[in-house]
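Dropping query_22.txt in here (compact mmCIF, C-alpha atoms):
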```txt
# COMPACT_ATOMS: atom_id res chain seq x y z
CA MET Z 1 0.00 0.00 0.00
CA LEU Z 2 1.30 3.41 -0.98
CA LEU Z 3 2.05 5.63 1.97
CA THR Z 4 2.80 9.26 1.24
CA VAL Z 5 3.19 11.63 4.15
CA VAL Z 6 4.07 15.32 3.93
CA LEU Z 7 5.34 17.54 6.69
CA CYS Z 8 5.34 21.34 6.47
CA SER Z 9 7.97 24.00 7.17
CA SER Z 10 9.79 25.46 4.13
CA LEU Z 11 18.93 20.46 -1.99
CA LEU Z 12 21.27 18.77 -4.81
CA ALA Z 13 19.27 15.53 -4.45
CA ALA Z 14 21.00 12.67 -2.71
CA VAL Z 15 20.35 8.94 -2.62
CA LEU Z 16 22.06 6.91 0.09
CA GLY Z 17 24.30 9.88 0.76
CA GLU Z 18 25.59 10.27 -2.80
CA PRO Z 19 24.63 13.16 -5.14
CA ALA Z 20 21.79 12.19 -7.49
CA ASN Z 21 21.89 14.89 -10.14
CA GLN Z 22 19.48 12.95 -12.31
CA PHE Z 23 16.60 14.30 -10.17
CA LYS Z 24 17.72 17.93 -10.08
CA ASP Z 25 15.95 18.99 -13.28
CA LEU Z 26 12.80 17.08 -12.40
CA LEU Z 27 12.53 18.70 -8.96
CA LEU Z 28 13.26 22.21 -10.24
CA ASN Z 29 10.93 21.95 -13.22
CA LYS Z 30 8.07 20.58 -11.11
CA HIS Z 31 8.42 23.50 -8.73
CA ASN Z 32 8.29 26.05 -11.53
CA GLU Z 33 5.38 24.29 -13.23
CA PHE Z 34 3.27 24.60 -10.08
CA ARG Z 35 4.35 28.20 -9.58
CA LYS Z 36 3.36 29.10 -13.12
CA MET Z 37 -0.12 27.66 -12.54
CA GLN Z 38 -0.88 30.40 -9.98
CA LYS Z 39 -0.66 33.11 -12.65
CA GLY Z 40 0.82 35.47 -10.07
CA SER Z 41 1.98 38.91 -11.12
CA ASN Z 42 5.23 38.68 -9.12
CA MET Z 43 6.03 34.97 -9.16
CA ASN Z 44 9.79 34.39 -9.22
CA LYS Z 45 11.22 31.59 -11.31
CA LEU Z 46 13.17 29.32 -8.98
CA VAL Z 47 16.78 28.39 -9.61
CA TRP Z 48 18.64 25.47 -8.09
CA SER Z 49 20.95 25.98 -5.11
CA ASP Z 50 23.63 23.41 -4.33
CA THR Z 51 24.06 25.08 -0.93
CA LEU Z 52 20.42 24.49 -0.02
CA ALA Z 53 20.64 20.96 -1.38
CA GLN Z 54 23.61 20.16 0.81
CA GLU Z 55 21.94 21.68 3.87
CA ALA Z 56 18.81 19.64 3.27
CA ASP Z 57 20.80 16.47 2.76
CA ALA Z 58 22.72 16.97 6.00
CA TRP Z 59 19.41 17.33 7.84
CA ILE Z 60 17.43 14.44 6.40
CA ALA Z 61 20.47 12.12 6.60
CA ARG Z 62 19.43 11.70 10.25
CA CYS Z 63 16.43 9.73 8.94
CA ASN Z 64 14.22 11.53 11.44
CA PHE Z 65 11.06 12.97 9.93
CA GLU Z 66 10.99 16.39 11.58
CA HIS Z 67 11.73 20.03 10.78
CA GLN Z 68 14.98 21.81 11.32
CA ASN Z 69 13.44 25.31 11.56
CA LYS Z 70 16.70 27.18 11.16
CA GLY Z 71 15.69 29.98 8.80
CA ARG Z 72 15.09 28.04 5.61
CA GLY Z 73 11.75 27.24 4.08
CA GLU Z 74 11.19 23.49 4.28
CA ASN Z 75 8.91 20.94 2.65
CA LEU Z 76 9.31 17.31 3.70
CA ALA Z 77 7.75 14.06 2.54
CA PHE Z 78 8.33 10.33 2.87
CA ASN Z 79 7.06 7.25 1.11
CA THR Z 80 7.37 3.48 1.51
CA LYS Z 81 7.73 2.83 -2.21
CA ASP Z 82 11.12 2.71 -3.95
CA ASP Z 83 10.40 4.46 -7.28
CA ASP Z 84 12.24 7.81 -7.07
CA ILE Z 85 10.45 9.55 -9.93
CA ALA Z 86 6.99 8.36 -8.91
CA ASN Z 87 7.67 9.36 -5.30
CA ILE Z 88 8.88 12.83 -6.29
CA ASN Z 89 5.80 13.40 -8.42
CA GLN Z 90 3.50 12.12 -5.66
CA ALA Z 91 5.12 14.20 -2.91
CA MET Z 92 5.02 17.42 -4.88
CA GLN Z 93 1.46 16.81 -6.02
CA ASP Z 94 0.44 16.25 -2.40
CA TRP Z 95 2.11 19.51 -1.41
CA TYR Z 96 0.32 21.36 -4.18
CA ASP Z 97 -3.06 19.75 -3.52
CA GLU Z 98 -3.25 21.64 -0.23
CA ILE Z 99 -4.47 24.51 -2.40
CA LYS Z 100 -7.89 22.92 -1.96
CA THR Z 101 -8.00 24.04 1.67
CA TYR Z 102 -6.15 27.35 1.32
CA ASN Z 103 -7.92 30.67 1.78
CA TYR Z 104 -5.98 33.34 -0.12
CA ALA Z 105 -7.84 36.21 1.55
CA GLY Z 106 -6.95 34.91 5.01
CA LYS Z 107 -3.18 34.88 4.30
CA LYS Z 108 -2.39 32.33 7.05
CA CYS Z 109 -1.48 28.99 5.54
CA GLY Z 110 -3.00 26.83 8.31
CA MET Z 111 -3.05 23.27 6.98
CA SER Z 112 -1.76 24.40 3.56
CA CYS Z 113 1.79 25.48 4.37
CA HIS Z 114 3.42 23.03 1.93
CA TYR Z 115 1.42 24.59 -0.86
CA THR Z 116 2.16 28.18 0.11
CA GLN Z 117 5.89 27.53 0.41
CA LEU Z 118 5.85 25.79 -2.93
CA VAL Z 119 4.32 28.87 -4.60
CA TRP Z 120 5.77 31.62 -2.37
CA SER Z 121 6.49 34.32 -4.94
CA GLN Z 122 9.49 35.92 -3.21
CA THR Z 123 11.35 32.62 -2.87
CA ARG Z 124 14.16 32.50 -5.41
CA GLU Z 125 16.13 29.33 -4.76
CA VAL Z 126 15.37 25.71 -4.00
CA GLY Z 127 17.55 22.70 -3.28
CA CYS Z 128 16.31 19.18 -2.51
CA ALA Z 129 17.74 15.94 -1.16
CA ILE Z 130 16.58 12.34 -1.16
CA ARG Z 131 17.59 9.68 1.35
CA LYS Z 132 16.65 6.03 1.52
CA CYS Z 133 16.52 5.12 5.18
CA PRO Z 134 16.54 1.48 6.31
CA SER Z 135 14.70 2.77 9.37
CA LEU Z 136 12.96 6.16 9.31
CA THR Z 137 11.62 7.65 12.52
CA ALA Z 138 8.28 9.37 11.89
CA PHE Z 139 5.62 10.43 14.40
CA GLY Z 140 7.26 8.33 17.12
CA LYS Z 141 7.29 5.15 15.04
CA SER Z 142 9.90 3.33 12.99
CA VAL Z 143 9.20 2.98 9.27
CA LYS Z 144 11.22 0.38 7.38
CA ASN Z 145 12.80 1.32 4.07
CA GLY Z 146 11.61 4.92 4.15
CA TRP Z 147 12.13 7.06 1.07
CA TYR Z 148 12.71 10.58 2.40
CA LEU Z 149 12.54 13.88 0.48
CA GLY Z 150 13.48 17.31 1.81
CA CYS Z 151 13.35 20.59 -0.14
CA TRP Z 152 14.87 23.75 1.29
CA TYR Z 153 13.88 27.26 0.10
CA ASP Z 154 15.39 30.75 0.25
CA PRO Z 155 14.06 33.23 1.10
CA LYS Z 156 11.64 31.23 3.21
CA GLY Z 157 7.92 31.75 2.77
CA ASN Z 158 4.82 31.49 4.92
CA ASP Z 159 4.93 34.96 6.45
CA ASN Z 160 1.36 35.21 7.75
CA THR Z 161 1.33 38.98 7.20
CA GLU Z 162 1.76 38.56 3.43
CA TYR Z 163 0.03 36.91 0.51
CA PRO Z 164 1.99 34.06 -1.07
CA TYR Z 165 1.87 35.91 -4.39
CA LEU Z 166 0.13 38.91 -5.91
CA THR Z 167 -2.76 38.44 -8.31
CA GLY Z 168 -2.70 40.06 -11.72
CA ALA Z 169 -1.33 39.47 -15.18
CA PRO Z 170 1.72 37.16 -15.06
CA CYS Z 171 4.97 39.13 -14.81
CA SER Z 172 3.17 42.47 -14.45
CA SER Z 173 4.82 43.03 -11.06
CA CYS Z 174 8.31 41.72 -11.78
CA LEU Z 175 11.16 43.70 -10.26
CA GLU Z 176 13.22 46.18 -12.23
CA GLY Z 177 15.77 44.23 -14.23
CA GLN Z 178 13.88 40.94 -14.23
CA THR Z 179 12.68 39.33 -17.44
CA CYS Z 180 9.51 37.36 -18.03
CA GLU Z 181 10.12 33.70 -18.84
CA ASP Z 182 7.02 31.66 -19.53
CA GLY Z 183 4.94 33.65 -17.04
CA LEU Z 184 7.58 33.76 -14.29
CA CYS Z 185 9.87 36.59 -13.19
CA ALA Z 186 13.44 35.50 -13.96
CA GLY Z 187 16.61 36.98 -12.53
CA VAL Z 188 17.37 38.86 -9.32
CA GLY Z 189 16.00 42.31 -10.15
CA LYS Z 190 15.82 45.34 -7.93
CA GLU Z 191 12.90 46.51 -5.82
CA VAL Z 192 11.57 50.04 -5.95
CA CYS Z 193 12.98 52.08 -3.07
CA GLU Z 194 9.88 52.50 -0.96
CA ASP Z 195 8.27 51.83 2.40
CA LYS Z 196 5.62 49.13 2.54
CA LYS Z 197 4.13 50.22 5.87
CA PRO Z 198 2.70 53.69 6.71
CA GLU Z 199 4.38 53.57 10.12
CA CYS Z 200 7.91 53.30 8.71
CA VAL Z 201 8.93 56.90 9.38
CA SER Z 202 7.76 56.67 12.96
CA TRP Z 203 9.49 53.32 13.47
CA GLU Z 204 12.71 54.68 12.01
CA ALA Z 205 12.57 57.65 14.37
CA SER Z 206 12.21 55.31 17.34
CA GLY Z 207 15.34 53.35 16.35
CA SER Z 208 13.74 50.29 14.80
CA CYS Z 209 16.12 50.32 11.84
CA THR Z 210 18.71 49.03 14.28
CA SER Z 211 16.67 47.26 16.93
CA ASN Z 212 14.41 45.43 14.44
CA LYS Z 213 16.64 45.41 11.40
CA ALA Z 214 15.37 42.25 9.68
CA TYR Z 215 11.79 43.53 9.64
CA MET Z 216 12.75 47.07 8.66
CA VAL Z 217 14.97 45.90 5.80
CA LYS Z 218 11.96 44.06 4.43
CA TYR Z 219 9.27 46.69 4.92
CA CYS Z 220 10.91 50.10 5.52
CA ARG Z 221 13.92 50.29 3.26
CA GLN Z 222 13.35 53.91 2.25
CA ALA Z 223 12.78 55.20 5.77
CA CYS Z 224 15.93 53.44 6.97
CA GLY Z 225 18.00 54.78 4.08
CA LEU Z 226 18.79 51.27 2.88
CA CYS Z 227 18.21 52.04 -0.79
CA GLU Z 228 18.48 54.89 -3.24
CA GLY Z 229 15.87 56.47 -5.46
CA GLY Z 230 12.15 56.16 -4.94
CA ALA Z 231 9.57 58.89 -4.63
CA PRO Z 232 10.83 61.78 -2.46
CA ARG Z 233 8.78 62.60 0.62
CA GLU Z 234 7.00 65.91 0.63
CA CYS Z 235 8.43 68.19 3.28
CA LYS Z 236 5.36 69.24 5.21
CA ASP Z 237 3.57 69.16 8.54
CA VAL Z 238 0.46 67.03 8.82
CA SER Z 239 -0.54 68.09 12.31
CA PRO Z 240 -1.91 71.57 13.17
CA LYS Z 241 -0.18 71.41 16.55
CA CYS Z 242 3.43 71.23 15.35
CA GLU Z 243 4.36 74.69 16.62
CA VAL Z 244 2.83 73.91 20.00
CA PHE Z 245 4.93 70.76 20.37
CA LYS Z 246 8.05 72.07 18.66
CA LYS Z 247 10.17 71.68 21.79
CA THR Z 248 9.56 67.92 21.71
CA CYS Z 249 11.01 67.34 18.24
CA GLU Z 250 13.77 65.17 19.69
CA SER Z 251 12.22 63.88 22.89
CA ASN Z 252 9.10 62.71 21.02
CA LYS Z 253 10.74 62.05 17.68
CA SER Z 254 8.74 58.95 16.82
CA TRP Z 255 5.59 61.10 16.66
CA MET Z 256 7.06 64.44 15.59
CA LYS Z 257 9.01 63.14 12.63
CA PRO Z 258 6.08 61.75 10.64
CA ASN Z 259 3.70 64.52 11.73
CA CYS Z 260 5.86 67.65 11.97
CA MET Z 261 8.65 67.04 9.49
CA LYS Z 262 8.91 70.65 8.33
CA THR Z 263 8.66 72.32 11.75
CA CYS Z 264 11.27 70.04 13.26
CA GLY Z 265 13.63 70.29 10.29
CA PHE Z 266 13.57 66.57 9.60
CA CYS Z 267 13.24 66.98 5.83
CA THR Z 268 16.98 66.68 5.21
CA ASP Z 269 17.36 64.02 7.89
CA ALA Z 270 16.12 61.21 5.67
CA GLY Z 271 18.28 59.62 3.04
CA LYS Z 272 21.32 57.48 2.71
CA ARG Z 273 22.66 56.16 6.00
CA GLU Z 274 26.37 56.13 6.78
CA ASP Z 275 26.22 52.33 7.00
CA PHE Z 276 24.28 52.15 3.73
CA GLN Z 277 24.06 48.86 1.92
CA ASP Z 278 21.70 48.22 -0.95
CA TYR Z 279 19.43 45.40 0.27
CA SER Z 280 17.12 45.59 -2.74
CA ASP Z 281 18.19 42.20 -4.08
CA ILE Z 282 17.56 40.34 -0.81
CA TYR Z 283 13.79 40.11 -0.86
```
Kindly transcribe the structure held in the file into structure tokens.
Amino acid sequence: MLLTVVLCSSLLAAVLGEPANQFKDLLLNKHNEFRKMQKGSNMNKLVWSDTLAQEADAWIARCNFEHQNKGRGENLAFNTKDDDIANINQAMQDWYDEIKTYNYAGKKCGMSCHYTQLVWSQTREVGCAIRKCPSLTAFGKSVKNGWYLGCWYDPKGNDNTEYPYLTGAPCSSCLEGQTCEDGLCAGVGKEVCEDKKPECVSWEASGSCTSNKAYMVKYCRQACGLCEGGAPRECKDVSPKCEVFKKTCESNKSWMKPNCMKTCGFCTDAGKREDFQDYSDIY
């Protein structure tokens, strides 16, 4: 009896510890086929990563069916059959079939996190590994002759504050510098220098560019001065009480900067940071 089990969390393929390059193209092409089916406007075309493949292989070589959860996206599956190609196709189809229970409007992947990682638009690289375990530990039990697949992804997906991809005409939201290849955004590209959250200026003023750097790099690149270009901010006050609170420009900077930019003289304060690095090709 066929037993296919998938485990969620988001490498060169390996069989019995040796590289199995014959499955590399199959795994990569299957990923991109499923991604293309979403018709997302910003869906990146995945490329293979030997680094991710090696990381995945090192993890699943333990023959323990569990997640690593060390910053990579992960999709795992095992089977009791011995046909590599059939097992790959079955595992990836099972991951994708979770679309049947996914609610796009709700964002959270819930019981569909394999699917959302598989089609996470901002993911750019994938690497998978295969191990054949004489004894595979899964759910507290020992499974004889377990065929074990692990795919690692970067950047990882399943951020519950974001949609897995944007709807719209395929490739209509590709980054600057990317090309459209068969409905997928190919290449690294460069994001527009902008803030994705209205609170970015306030967060920057409160020091979040340093204290919460990972989040700010992703959502507030312009406010933190981590990129160049983008639409300039209009130098103006948005509160009628700026003159009244002028003495608090520094002591209450997190409120005064976004609301009283002109009165407090913050207009020339924004821009390139001394520790500037262009992070536009990270996300």
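The list of residues with at least one atom within 6 Å of range 134-139 of chain Z, based on all atoms listed in the file and without residues fewer than 2 positions apart in the same chain, reads Cys63, Asn64, Phe65, Lys141, Ser142, Val143, Lys144, Asn145 and Gly146 of chain Z.
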**Fill in**
note - CA of Pro164 in chain Z and CA of Asn44 in chain Z are separated by 11.3 Å
**Message:** List the spatial neighbours of Leu27 in chain Z as a PyMOL selection string - criterion: any atom at most 10 Å away, only C-alpha atoms, same-chain residues fewer than 2 positions off excluded.
**Reply:** chain Z and resi 11-13+22-25+29-32+48+85+88-89+92+126-129+151
For C-alpha atoms, I'd like the residues from the last selection saved as a tab-separated table (two decimals), in the frame of the given file.
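File result.tsv, as written:
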```tsv
chain	number	residue	atom	x	y	z
Z	11	LEU	CA	18.93	20.46	-1.99
Z	12	LEU	CA	21.27	18.77	-4.81
Z	13	ALA	CA	19.27	15.53	-4.45
Z	22	GLN	CA	19.48	12.95	-12.31
Z	23	PHE	CA	16.60	14.30	-10.17
Z	24	LYS	CA	17.72	17.93	-10.08
Z	25	ASP	CA	15.95	18.99	-13.28
Z	29	ASN	CA	10.93	21.95	-13.22
Z	30	LYS	CA	8.07	20.58	-11.11
Z	31	HIS	CA	8.42	23.50	-8.73
Z	32	ASN	CA	8.29	26.05	-11.53
Z	48	TRP	CA	18.64	25.47	-8.09
Z	85	ILE	CA	10.45	9.55	-9.93
Z	88	ILE	CA	8.88	12.83	-6.29
Z	89	ASN	CA	5.80	13.40	-8.42
Z	92	MET	CA	5.02	17.42	-4.88
Z	126	VAL	CA	15.37	25.71	-4.00
Z	127	GLY	CA	17.55	22.70	-3.28
Z	128	CYS	CA	16.31	19.18	-2.51
Z	129	ALA	CA	17.74	15.94	-1.16
Z	151	CYS	CA	13.35	20.59	-0.14
```
**Item:** Option closest in space to Gln222 in chain Z, from Z:Lys197, Z:Lys257, Z:Arg62, Z:Lys241 [counting all atoms listed in the file]
**Value:**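 The answer is Z:Lys197, which sits nearest to Gln222 in chain Z.
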**Request:** For CA of Cys209 in chain Z and CA of Leu226 in chain Z, determine how far apart the two atoms are, in Å to one decimal place.
**Result:**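 Value for the CA of Cys209 in chain Z-CA of Leu226 in chain Z distance: 9.4 Å.
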**Prompt:** Neighbours of Arg233 in chain Z within 10 Å (only C-alpha atoms; same-chain residues fewer than 5 positions away dropped), as a ChimeraX atom specification?
**Reply:** /Z:222-223,261,267,270
**Message:** When you look at Trp152 in chain Z with a cut-off of 10 Å (counting only C-alpha atoms), what residues show up, excluding the ones that are within fewer than 3 positions of it in the same chain? I need them as an MDAnalysis selection string.
**Reply:** chainID Z and resid 9:11 49 51:57 71:76 117 125:129 155:156
**Request:** Compare Z:Asn212, Z:Ser206, Z:Thr248, Z:Gln38 by their minimum atom-to-atom distance to Thr263 in chain Z, counting all atoms listed in the file, and give me the closest one.
**Result:**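 Checking each candidate against Thr263 in chain Z, we get Z:Thr248 as the closest.
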**Request:** Write out as a count of residues only the residues lying within 12 Å of Gly207 in chain Z, counting all atoms listed in the file and excluding same-chain residues fewer than 4 positions away.
**Result:** 12
**Request:** Check the smallest atom-to-atom distance from each of Z:Met43, Z:Leu166, Z:Trp147, Z:Leu28 to Gly187 in chain Z using all atoms listed in the file, then report the winner.
**Result:**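 Looking only at the distances to Gly187 in chain Z, the closest residue turns out to be Z:Met43.
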**Item:** Among the residues Z:Gln178, Z:Cys133, Z:Met256, Z:Tyr102, the one that comes closest to Thr80 in chain Z [using all atoms listed in the file]
**Value:**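 Of the candidates, the smallest distance to Thr80 in chain Z is held by Z:Cys133.
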**Asked** What is the CA of Ser239 in chain Z-CA of Glu199 in chain Z distance in Å, reported with one decimal?
**Response**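 Computed distance, CA of Ser239 in chain Z to CA of Glu199 in chain Z, equals 15.5 Å.
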